[in-house]
Every structure is written in structure tokens, then in C-alpha cells.
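Below is my_file-v3.txt, holding compact mmCIF, C-alpha atoms.
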# COMPACT_ATOMS: atom_id res chain seq x y z
CA ASP A 1 0.00 0.00 0.00
CA THR A 2 1.69 3.21 -1.19
CA GLU A 3 -1.16 5.63 -0.59
CA VAL A 4 -2.17 8.36 1.80
CA THR A 5 -5.97 8.38 2.16
CA GLN A 6 -7.82 11.51 3.20
CA THR A 7 -11.47 11.76 4.17
CA PRO A 8 -13.76 13.43 3.45
CA LYS A 9 -12.90 14.68 -0.04
CA HIS A 10 -15.21 17.66 0.32
CA LEU A 11 -16.53 19.40 3.43
CA VAL A 12 -18.80 22.38 3.87
CA MET A 13 -19.10 23.72 7.41
CA GLY A 14 -20.55 26.69 9.18
CA MET A 15 -18.48 28.98 11.35
CA THR A 16 -19.92 27.50 14.54
CA ASN A 17 -19.48 23.86 13.54
CA LYS A 18 -16.93 21.34 14.78
CA LYS A 19 -15.60 18.89 12.23
CA SER A 20 -12.56 16.68 11.73
CA LEU A 21 -10.38 15.76 8.77
CA LYS A 22 -8.84 12.32 8.70
CA CYS A 23 -5.64 11.02 7.12
CA GLU A 24 -4.40 7.43 7.02
CA GLN A 25 -1.29 5.71 5.68
CA HIS A 26 -0.02 2.14 5.91
CA MET A 27 3.48 2.58 4.52
CA GLY A 28 5.18 2.49 7.92
CA HIS A 29 6.04 6.18 7.63
CA ARG A 30 6.73 7.78 11.00
CA ALA A 31 6.42 11.44 9.99
CA MET A 32 3.08 12.95 9.00
CA TYR A 33 2.17 16.47 7.93
CA TRP A 34 -0.76 18.83 7.46
CA TYR A 35 -0.57 21.44 4.72
CA LYS A 36 -3.01 24.14 3.69
CA GLN A 37 -3.22 25.18 0.04
CA LYS A 38 -5.11 28.20 -1.24
CA ALA A 39 -6.00 28.50 -4.92
CA LYS A 40 -3.03 29.08 -7.20
CA LYS A 41 -0.59 29.02 -4.27
CA PRO A 42 1.94 26.46 -3.05
CA PRO A 43 1.16 24.31 -0.02
CA GLU A 44 1.84 25.95 3.35
CA LEU A 45 3.08 23.77 6.19
CA MET A 46 0.84 23.71 9.26
CA PHE A 47 1.97 20.82 11.49
CA VAL A 48 4.54 18.02 11.56
CA TYR A 49 4.24 14.87 13.65
CA SER A 50 7.25 12.64 14.16
CA TYR A 51 6.76 9.30 15.93
CA GLU A 52 3.29 10.46 16.98
CA LYS A 53 4.64 13.58 18.67
CA LEU A 54 4.06 17.10 17.44
CA SER A 55 7.43 18.43 16.29
CA ILE A 56 6.51 21.52 14.27
CA ASN A 57 3.58 23.92 14.64
CA GLU A 58 3.91 26.77 12.16
CA SER A 59 2.06 29.29 14.35
CA VAL A 60 -1.31 27.94 13.30
CA PRO A 61 -4.41 29.45 15.02
CA SER A 62 -5.86 27.34 17.82
CA ARG A 63 -9.08 26.79 15.89
CA PHE A 64 -7.03 24.08 14.12
CA SER A 65 -6.13 21.22 16.45
CA PRO A 66 -4.05 18.29 15.20
CA GLU A 67 -4.02 14.83 16.69
CA CYS A 68 -1.96 11.74 15.93
CA PRO A 69 -3.64 8.78 17.70
CA ASN A 70 -1.21 6.21 16.27
CA SER A 71 1.51 5.85 13.67
CA SER A 72 -0.99 5.38 10.81
CA LEU A 73 -3.55 8.06 11.58
CA LEU A 74 -3.54 11.83 11.62
CA ASN A 75 -6.54 14.00 12.37
CA LEU A 76 -7.18 17.72 12.10
CA HIS A 77 -9.97 18.99 14.33
CA LEU A 78 -11.69 22.16 13.19
CA HIS A 79 -13.70 24.54 15.35
CA ALA A 80 -15.00 28.07 14.85
CA LEU A 81 -13.36 28.48 11.47
CA GLN A 82 -13.53 31.61 9.36
CA PRO A 83 -14.41 31.88 5.66
CA GLU A 84 -10.75 32.66 4.89
CA ASP A 85 -9.89 29.16 6.16
CA SER A 86 -11.55 27.73 3.06
CA ALA A 87 -8.81 25.85 1.20
CA LEU A 88 -7.51 22.45 0.15
CA TYR A 89 -6.06 20.65 3.18
CA LEU A 90 -3.36 18.18 2.27
CA CYS A 91 -1.92 15.40 4.38
CA ALA A 92 1.50 13.94 3.63
CA SER A 93 3.79 11.33 5.12
CA SER A 94 7.47 10.46 4.87
CA GLN A 95 9.91 7.93 6.15
CA ASP A 96 11.33 8.78 9.52
CA GLY A 97 14.04 11.31 10.05
CA THR A 98 15.69 13.93 7.92
CA GLY A 99 17.31 11.16 5.85
CA GLY A 100 13.91 9.88 4.81
CA ILE A 101 12.87 13.27 3.49
CA LYS A 102 16.18 13.71 1.71
CA SER A 103 15.95 10.38 -0.07
CA TYR A 104 12.25 10.01 -0.76
CA GLY A 105 10.41 13.28 -0.18
CA TYR A 106 6.75 13.12 0.79
CA THR A 107 3.77 11.05 -0.25
CA PHE A 108 0.68 13.28 -0.42
CA GLY A 109 -2.97 12.46 -0.10
CA SER A 110 -5.49 13.86 -2.57
CA GLY A 111 -6.73 16.42 -0.05
CA THR A 112 -9.95 17.64 1.55
CA ARG A 113 -11.59 20.62 -0.13
CA LEU A 114 -12.97 22.67 2.80
CA THR A 115 -15.51 25.45 2.40
CA VAL A 116 -16.45 27.56 5.43
CA VAL A 117 -19.76 29.38 5.10
CA GLY B 1 17.27 31.06 4.33
CA ASN B 2 16.47 28.11 2.12
CA SER B 3 14.21 28.93 -0.80
CA VAL B 4 13.11 27.87 -4.27
CA THR B 5 12.36 30.20 -7.17
CA GLN B 6 10.32 29.07 -10.17
CA MET B 7 9.47 30.79 -13.39
CA GLU B 8 6.15 32.59 -13.53
CA GLY B 9 3.35 30.89 -15.40
CA PRO B 10 1.28 29.99 -17.11
CA VAL B 11 3.43 28.27 -19.68
CA THR B 12 1.31 27.69 -22.77
CA LEU B 13 2.47 25.16 -25.36
CA SER B 14 1.09 23.20 -28.26
CA GLU B 15 1.11 19.42 -28.15
CA GLU B 16 4.52 17.87 -29.00
CA ALA B 17 6.41 21.08 -28.14
CA PHE B 18 9.54 21.07 -25.97
CA LEU B 19 9.06 22.04 -22.34
CA THR B 20 11.40 23.77 -19.93
CA ILE B 21 10.31 25.01 -16.51
CA ASN B 22 13.09 26.82 -14.68
CA CYS B 23 13.84 26.25 -11.01
CA THR B 24 16.69 27.72 -8.97
CA TYR B 25 17.35 27.31 -5.31
CA THR B 26 19.17 28.84 -2.37
CA ALA B 27 20.26 26.50 0.40
CA THR B 28 22.93 25.94 2.97
CA GLY B 29 24.31 22.44 2.98
CA TYR B 30 23.36 19.79 0.43
CA PRO B 31 19.62 19.50 -0.12
CA SER B 32 17.78 16.98 -2.26
CA LEU B 33 15.65 18.42 -5.05
CA PHE B 34 12.21 17.35 -6.19
CA TRP B 35 9.57 18.06 -8.81
CA TYR B 36 5.95 17.49 -7.82
CA VAL B 37 2.94 17.69 -10.16
CA GLN B 38 -0.60 18.64 -9.20
CA TYR B 39 -3.49 17.88 -11.53
CA PRO B 40 -6.72 19.86 -11.10
CA GLY B 41 -8.57 18.98 -7.91
CA GLU B 42 -5.90 16.57 -6.71
CA GLY B 43 -3.00 16.37 -4.28
CA LEU B 44 0.66 16.58 -5.23
CA GLN B 45 2.43 13.62 -6.82
CA LEU B 46 6.17 13.13 -6.81
CA LEU B 47 7.36 13.37 -10.42
CA LEU B 48 11.12 12.98 -10.00
CA LYS B 49 13.98 13.65 -7.63
CA ALA B 50 17.74 14.04 -7.35
CA THR B 51 19.67 13.65 -4.13
CA LYS B 52 23.12 14.95 -5.04
CA ALA B 53 24.94 17.16 -7.52
CA ASP B 54 24.95 15.96 -11.16
CA ASP B 55 22.20 13.41 -10.49
CA LYS B 56 19.52 13.29 -13.17
CA GLY B 57 15.98 12.47 -12.13
CA SER B 58 13.60 11.14 -14.78
CA ASN B 59 10.05 9.85 -15.01
CA LYS B 60 7.31 9.70 -17.67
CA GLY B 61 9.53 11.51 -20.19
CA PHE B 62 10.36 14.34 -17.79
CA GLU B 63 13.97 14.99 -16.75
CA ALA B 64 15.83 17.35 -14.44
CA THR B 65 19.52 17.55 -13.55
CA TYR B 66 20.83 18.77 -10.20
CA ARG B 67 23.31 21.53 -11.10
CA LYS B 68 25.22 22.69 -8.04
CA GLU B 69 27.30 25.24 -9.94
CA THR B 70 24.21 27.10 -11.16
CA THR B 71 21.98 26.08 -8.21
CA SER B 72 19.35 24.91 -10.66
CA PHE B 73 17.01 21.97 -11.26
CA HIS B 74 15.17 22.79 -14.49
CA LEU B 75 12.37 20.48 -15.61
CA GLU B 76 12.36 19.38 -19.26
CA LYS B 77 10.29 17.20 -21.54
CA GLY B 78 10.92 16.65 -25.21
CA SER B 79 7.31 16.38 -26.38
CA VAL B 80 4.43 17.46 -24.16
CA GLN B 81 0.92 16.04 -24.29
CA VAL B 82 -2.43 17.61 -23.40
CA SER B 83 -2.51 15.30 -20.40
CA ASP B 84 0.62 17.04 -19.02
CA SER B 85 -1.44 20.15 -18.27
CA ALA B 86 -1.03 20.67 -14.53
CA VAL B 87 0.81 22.75 -11.95
CA TYR B 88 4.44 21.82 -11.35
CA PHE B 89 6.18 22.53 -8.03
CA CYS B 90 9.92 22.49 -7.48
CA ALA B 91 10.97 21.68 -3.90
CA LEU B 92 14.05 21.07 -1.79
CA SER B 93 14.62 19.15 1.40
CA ASP B 94 15.51 21.80 3.93
CA PRO B 95 18.95 20.80 5.21
CA THR B 96 18.55 22.96 8.30
CA GLY B 97 14.88 22.26 8.98
CA PHE B 98 13.92 18.98 10.49
CA GLN B 99 11.74 16.92 8.14
CA LYS B 100 10.53 19.68 5.92
CA LEU B 101 10.24 20.32 2.20
CA VAL B 102 10.44 23.91 0.93
CA PHE B 103 8.25 24.51 -2.13
CA GLY B 104 8.46 26.99 -4.96
CA THR B 105 5.37 28.94 -5.98
CA GLY B 106 4.41 26.52 -8.74
CA THR B 107 4.23 26.89 -12.53
CA ARG B 108 1.02 26.17 -14.42
CA LEU B 109 1.44 24.36 -17.73
CA LEU B 110 -1.31 24.49 -20.34
CA VAL B 111 -0.95 22.25 -23.39
CA SER B 112 -3.34 22.70 -26.29
CA PRO B 113 -4.05 20.11 -29.01

Reformat the file's structure so that it appears as C-alpha cells.
Amino acid sequence: DTEVTQTPKHLVMGMTNKKSLKCEQHMGHRAMYWYKQKAKKPPELMFVYSYEKLSINESVPSRFSPECPNSSLLNLHLHALQPEDSALYLCASSQDGTGGIKSYGYTFGSGTRLTVV
Amino acid sequence: GNSVTQMEGPVTLSEEAFLTINCTYTATGYPSLFWYVQYPGEGLQLLLKATKADDKGSNKGFEATYRKETTSFHLEKGSVQVSDSAVYFCALSDPTGFQKLVFGTGTRLLVSP
């Protein structure tokens, strides 16, 4: 299995809603990432988990809350979002350590298209 | 800091034309270099990579050579197809940043029949 699976593919939520995005991989990768991508822009790093521990938080607002329950799963909990948070949210994984990134890069999921109304 | 600069798009070509998308980088240390492709409505897919100077990455007719002397990793294809229409991102493995890729701004390629 060489895929990163993201669910749901599309999500529409109101500003008072609570929702979660889910990401799953079974490649034995020990680093997992959340990226946000606005239209016609490159992906922006939000969070990095390494061995199920949060290692990078790129000053993301607290209305985004990541969780890594085990080595295969990554969640992003959403609460009280704003319309400007509408974007494509991408999950990625990589083999552990800086060497894994250097040799193999990331494997991305196909993303969740989020619309906040 | 570490950064990647790509040529502005869109790049508009006719089918079977030669493609070059320029990518230059700034980095301390010895990064690996990558090209990712994003088709409409999808995530990013790794297209090719090179891990050291003078390496050539290749896949699906695309090629790029890691040139340390010019700090470049230009993407080329001899004959593009309509199905190659997508956004192409150049990226480097940040040698100073733990487990992070640094992306360029992306270049949109439009191929017409």
C-alpha cells in the first residue's frame, strides 16, 4: 500500500461547527504532515508529527487542532473556522528522520476541499 | 534562508512542443531536489527527484539535472501532451529544517491540441 488516504474529499461547514479531517497511511512512515493550500498558491506547512509527537507547529491558530492517535492516523480537528480558512487541506507522510525526506520526499494524499460558510 | 524560485506561469504550449520550466534554489548544505505535479482537484504527486549534484531524475519523459554550480534543477520534456497540463512545483529538502520540504510557488502548464 503506497497511498495516503484523506477523508472526506469535500466538506462544507458553518463557522460554529466542529468537524474533523482524517488522514491514514499504511506505509510504515513515521512522519506525517498537514498542509493548507489556497487556490493558485503552493502548499503551506501547518503541522509536523514525528513518531506520533508534534514536532513543528507553524504558528497555526488554535481553531485548528491536530491529533496523531497512532503511527498510521492523523486528524485535524476544526472549530469556529472563518471563511478565509476555506482551502484544500493536504496530508503527507514520509519515512522517519531527515534522511527519509532527503531520499524520498513526501507522499501526499489527494486532499480535503474545505468550504467555510 | 532556504528557498526555491520558479518561473512565472502559465506556460502555454502546443502538443509535441519542448518544455522547460526553470527552477533555482538557495540553500545551505546539500539538499535533495524534487519536482511534484498537481493535476486539477488533486494532491501533489512526486514526479522525479535528485539527491546529489549531477544526479539526473527522470520519469514519464520528464527529466531534471541537479546543477550545483548554477543552483538549478530545471524540468524538461521533449514532447508534451495535453494530459501534461497541470501545476508543477519544485521543492528542496531543507537541510537545516527537520523533516521539511520547501516549495516553490508553482508553474502552471497548459498544453493545447

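Residues in contact range of Ala39 in chain A, defined as at most 12 Å between all atoms listed in the file, with sequence neighbours fewer than 3 positions away removed, read Lys36, Pro42, Pro43, Glu44, Glu84, Asp85, Ser86, Ala87, Leu88, Tyr89, Arg113 and Leu114 of chain A; Pro40, Gly41, Val87, Thr105 and Gly106 of chain B.
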
Restrict the distance test to all atoms listed in the file, flag each residue of chain B within 7 Å of chain A, and return the flagged residues as a ChimeraX atom specification. /B:31-32,42-45,51,93,98-99,103-106

Now that the selection is made, can you save its residues with C-alpha atoms as a PDB file, in the coordinates of the input?
ATOM      1  CA  PRO B  31      19.620  19.500  -0.120  1.00  0.00           C
ATOM      2  CA  SER B  32      17.780  16.980  -2.260  1.00  0.00           C
ATOM      3  CA  GLU B  42      -5.900  16.570  -6.710  1.00  0.00           C
ATOM      4  CA  GLY B  43      -3.000  16.370  -4.280  1.00  0.00           C
ATOM      5  CA  LEU B  44       0.660  16.580  -5.230  1.00  0.00           C
ATOM      6  CA  GLN B  45       2.430  13.620  -6.820  1.00  0.00           C
ATOM      7  CA  THR B  51      19.670  13.650  -4.130  1.00  0.00           C
ATOM      8  CA  SER B  93      14.620  19.150   1.400  1.00  0.00           C
ATOM      9  CA  PHE B  98      13.920  18.980  10.490  1.00  0.00           C
ATOM     10  CA  GLN B  99      11.740  16.920   8.140  1.00  0.00           C
ATOM     11  CA  PHE B 103       8.250  24.510  -2.130  1.00  0.00           C
ATOM     12  CA  GLY B 104       8.460  26.990  -4.960  1.00  0.00           C
ATOM     13  CA  THR B 105       5.370  28.940  -5.980  1.00  0.00           C
ATOM     14  CA  GLY B 106       4.410  26.520  -8.740  1.00  0.00           C
TER      15      GLY B 106
END

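Of the residues under consideration (A:Met46, A:Met13, A:Thr5, A:Leu76), A:Met13 shows the shortest atom-to-atom contact distance to Val116 in chain A when counting all atoms listed in the file.
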
List as a ChimeraX atom specification the protein and nucleic acid residues near Leu74 in chain A, meaning an atom at most 9 Å away when all atoms listed in the file are counted, but skip any in the same chain fewer than 6 places from it. /A:21-25,32-34,49,52,66-68,91

I'd like the interatomic distance between CA of Leu75 in chain B and CA of Lys60 in chain B, to a tenth of an Å. 12.1 Å

Report as a ChimeraX atom specification all protein, DNA and RNA residues lying within 12 Å of Ala50 in chain B, evaluated on only C-alpha atoms, omitting residues in the same chain fewer than 2 positions from it. /A:101-105 /B:30-35,46-48,52-59,63-68,72-75,90-93

Those residues you just picked out, can you put them in a file as a compact mmCIF listing (two decimals), in the frame of the given file with C-alpha atoms?
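The resulting file, out17.txt, is shown below:
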# COMPACT_ATOMS: atom_id res chain seq x y z
CA ILE A 101 12.87 13.27 3.49
CA LYS A 102 16.18 13.71 1.71
CA SER A 103 15.95 10.38 -0.07
CA TYR A 104 12.25 10.01 -0.76
CA GLY A 105 10.41 13.28 -0.18
CA TYR B 30 23.36 19.79 0.43
CA PRO B 31 19.62 19.50 -0.12
CA SER B 32 17.78 16.98 -2.26
CA LEU B 33 15.65 18.42 -5.05
CA PHE B 34 12.21 17.35 -6.19
CA TRP B 35 9.57 18.06 -8.81
CA LEU B 46 6.17 13.13 -6.81
CA LEU B 47 7.36 13.37 -10.42
CA LEU B 48 11.12 12.98 -10.00
CA LYS B 52 23.12 14.95 -5.04
CA ALA B 53 24.94 17.16 -7.52
CA ASP B 54 24.95 15.96 -11.16
CA ASP B 55 22.20 13.41 -10.49
CA LYS B 56 19.52 13.29 -13.17
CA GLY B 57 15.98 12.47 -12.13
CA SER B 58 13.60 11.14 -14.78
CA ASN B 59 10.05 9.85 -15.01
CA GLU B 63 13.97 14.99 -16.75
CA ALA B 64 15.83 17.35 -14.44
CA THR B 65 19.52 17.55 -13.55
CA TYR B 66 20.83 18.77 -10.20
CA ARG B 67 23.31 21.53 -11.10
CA LYS B 68 25.22 22.69 -8.04
CA SER B 72 19.35 24.91 -10.66
CA PHE B 73 17.01 21.97 -11.26
CA HIS B 74 15.17 22.79 -14.49
CA LEU B 75 12.37 20.48 -15.61
CA CYS B 90 9.92 22.49 -7.48
CA ALA B 91 10.97 21.68 -3.90
CA LEU B 92 14.05 21.07 -1.79
CA SER B 93 14.62 19.15 1.40

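Distance annotation: of A:His29, A:Lys19, A:His10, A:Lys38, the residue with the minimal separation from Leu78 in chain A is A:Lys19; atom set is only C-alpha atoms.
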
May I have the protein, DNA and RNA residues with any atom at most 8 Å from the point (-14.3, 23.9, 11.6), counting all atoms listed in the file, written as a PDB file with C-alpha atoms, keeping the file's coordinate frame?
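File selection26.pdb, as written:
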ATOM      1  CA  MET A  13     -19.100  23.720   7.410  1.00  0.00           C
ATOM      2  CA  GLY A  14     -20.550  26.690   9.180  1.00  0.00           C
ATOM      3  CA  MET A  15     -18.480  28.980  11.350  1.00  0.00           C
ATOM      4  CA  THR A  16     -19.920  27.500  14.540  1.00  0.00           C
ATOM      5  CA  ASN A  17     -19.480  23.860  13.540  1.00  0.00           C
ATOM      6  CA  LYS A  18     -16.930  21.340  14.780  1.00  0.00           C
ATOM      7  CA  LYS A  19     -15.600  18.890  12.230  1.00  0.00           C
ATOM      8  CA  SER A  20     -12.560  16.680  11.730  1.00  0.00           C
ATOM      9  CA  ARG A  63      -9.080  26.790  15.890  1.00  0.00           C
ATOM     10  CA  PHE A  64      -7.030  24.080  14.120  1.00  0.00           C
ATOM     11  CA  HIS A  77      -9.970  18.990  14.330  1.00  0.00           C
ATOM     12  CA  LEU A  78     -11.690  22.160  13.190  1.00  0.00           C
ATOM     13  CA  HIS A  79     -13.700  24.540  15.350  1.00  0.00           C
ATOM     14  CA  ALA A  80     -15.000  28.070  14.850  1.00  0.00           C
ATOM     15  CA  LEU A  81     -13.360  28.480  11.470  1.00  0.00           C
ATOM     16  CA  VAL A 116     -16.450  27.560   5.430  1.00  0.00           C
TER      17      VAL A 116
END

Serialized range 58-89 of chain B w/ N, CA and C atoms as an mmCIF file, in the first residue's frame:
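Okay, result08.cif is ready:
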data_model
loop_
_atom_site.group_PDB
_atom_site.id
_atom_site.type_symbol
_atom_site.label_atom_id
_atom_site.label_comp_id
_atom_site.auth_asym_id
_atom_site.auth_seq_id
_atom_site.Cartn_x
_atom_site.Cartn_y
_atom_site.Cartn_z
ATOM 1 N N SER B 58 14.420 11.263 -13.566
ATOM 2 C CA SER B 58 13.599 11.136 -14.775
ATOM 3 C C SER B 58 12.381 10.276 -14.479
ATOM 4 N N ASN B 59 11.289 10.591 -15.183
ATOM 5 C CA ASN B 59 10.050 9.849 -15.007
ATOM 6 C C ASN B 59 9.060 10.324 -16.059
ATOM 7 N N LYS B 60 8.386 9.407 -16.708
ATOM 8 C CA LYS B 60 7.310 9.702 -17.669
ATOM 9 C C LYS B 60 7.770 10.681 -18.747
ATOM 10 N N GLY B 61 9.013 10.629 -19.153
ATOM 11 C CA GLY B 61 9.526 11.509 -20.195
ATOM 12 C C GLY B 61 10.048 12.835 -19.679
ATOM 13 N N PHE B 62 9.843 13.125 -18.413
ATOM 14 C CA PHE B 62 10.365 14.344 -17.792
ATOM 15 C C PHE B 62 11.759 14.069 -17.243
ATOM 16 N N GLU B 63 12.614 15.102 -17.295
ATOM 17 C CA GLU B 63 13.968 14.992 -16.753
ATOM 18 C C GLU B 63 14.351 16.282 -16.049
ATOM 19 N N ALA B 64 15.241 16.165 -15.060
ATOM 20 C CA ALA B 64 15.830 17.347 -14.436
ATOM 21 C C ALA B 64 17.184 16.948 -13.874
ATOM 22 N N THR B 65 18.171 17.823 -14.020
ATOM 23 C CA THR B 65 19.524 17.548 -13.551
ATOM 24 C C THR B 65 19.898 18.519 -12.436
ATOM 25 N N TYR B 66 20.413 18.002 -11.370
ATOM 26 C CA TYR B 66 20.832 18.768 -10.199
ATOM 27 C C TYR B 66 22.162 19.457 -10.525
ATOM 28 N N ARG B 67 22.116 20.767 -10.722
ATOM 29 C CA ARG B 67 23.311 21.532 -11.099
ATOM 30 C C ARG B 67 23.729 22.396 -9.920
ATOM 31 N N LYS B 68 24.778 21.963 -9.225
ATOM 32 C CA LYS B 68 25.222 22.693 -8.038
ATOM 33 C C LYS B 68 25.864 24.017 -8.428
ATOM 34 N N GLU B 69 26.570 24.029 -9.568
ATOM 35 C CA GLU B 69 27.302 25.238 -9.940
ATOM 36 C C GLU B 69 26.381 26.391 -10.303
ATOM 37 N N THR B 70 25.188 26.057 -10.814
ATOM 38 C CA THR B 70 24.212 27.103 -11.161
ATOM 39 C C THR B 70 23.022 27.085 -10.207
ATOM 40 N N THR B 71 23.076 26.288 -9.178
ATOM 41 C CA THR B 71 21.977 26.077 -8.208
ATOM 42 C C THR B 71 20.636 25.977 -8.915
ATOM 43 N N SER B 72 20.564 25.038 -9.867
ATOM 44 C CA SER B 72 19.347 24.912 -10.657
ATOM 45 C C SER B 72 18.890 23.463 -10.755
ATOM 46 N N PHE B 73 17.607 23.311 -11.091
ATOM 47 C CA PHE B 73 17.007 21.971 -11.262
ATOM 48 C C PHE B 73 15.860 22.142 -12.248
ATOM 49 N N HIS B 74 16.184 22.481 -13.476
ATOM 50 C CA HIS B 74 15.171 22.787 -14.490
ATOM 51 C C HIS B 74 14.478 21.526 -14.976
ATOM 52 N N LEU B 75 13.170 21.612 -15.138
ATOM 53 C CA LEU B 75 12.372 20.480 -15.610
ATOM 54 C C LEU B 75 12.237 20.552 -17.128
ATOM 55 N N GLU B 76 12.460 19.421 -17.807
ATOM 56 C CA GLU B 76 12.364 19.384 -19.262
ATOM 57 C C GLU B 76 11.580 18.159 -19.722
ATOM 58 N N LYS B 77 10.929 18.337 -20.862
ATOM 59 C CA LYS B 77 10.293 17.205 -21.542
ATOM 60 C C LYS B 77 10.352 17.475 -23.040
ATOM 61 N N GLY B 78 10.696 16.467 -23.780
ATOM 62 C CA GLY B 78 10.920 16.650 -25.209
ATOM 63 C C GLY B 78 9.652 16.887 -26.015
ATOM 64 N N SER B 79 8.540 16.300 -25.590
ATOM 65 C CA SER B 79 7.314 16.384 -26.380
ATOM 66 C C SER B 79 6.129 16.311 -25.424
ATOM 67 N N VAL B 80 5.512 17.448 -25.150
ATOM 68 C CA VAL B 80 4.431 17.457 -24.160
ATOM 69 C C VAL B 80 3.111 16.988 -24.776
ATOM 70 N N GLN B 81 2.246 16.485 -23.905
ATOM 71 C CA GLN B 81 0.917 16.044 -24.292
ATOM 72 C C GLN B 81 -0.126 16.884 -23.552
ATOM 73 N N VAL B 82 -1.350 16.880 -24.065
ATOM 74 C CA VAL B 82 -2.433 17.614 -23.402
ATOM 75 C C VAL B 82 -2.572 17.155 -21.947
ATOM 76 N N SER B 83 -2.362 15.865 -21.734
ATOM 77 C CA SER B 83 -2.510 15.296 -20.395
ATOM 78 C C SER B 83 -1.435 15.786 -19.410
ATOM 79 N N ASP B 84 -0.412 16.468 -19.900
ATOM 80 C CA ASP B 84 0.623 17.036 -19.015
ATOM 81 C C ASP B 84 0.191 18.366 -18.404
ATOM 82 N N SER B 85 -0.943 18.888 -18.825
ATOM 83 C CA SER B 85 -1.440 20.151 -18.274
ATOM 84 C C SER B 85 -1.674 19.987 -16.781
ATOM 85 N N ALA B 86 -1.014 20.814 -15.987
ATOM 86 C CA ALA B 86 -1.030 20.672 -14.528
ATOM 87 C C ALA B 86 -0.205 21.815 -13.947
ATOM 88 N N VAL B 87 -0.095 21.815 -12.617
ATOM 89 C CA VAL B 87 0.813 22.749 -11.946
ATOM 90 C C VAL B 87 2.016 21.965 -11.455
ATOM 91 N N TYR B 88 3.196 22.491 -11.707
ATOM 92 C CA TYR B 88 4.438 21.824 -11.349
ATOM 93 C C TYR B 88 5.146 22.615 -10.258
ATOM 94 N N PHE B 89 5.507 21.903 -9.172
ATOM 95 C CA PHE B 89 6.177 22.527 -8.030
ATOM 96 C C PHE B 89 7.586 21.958 -7.902
#
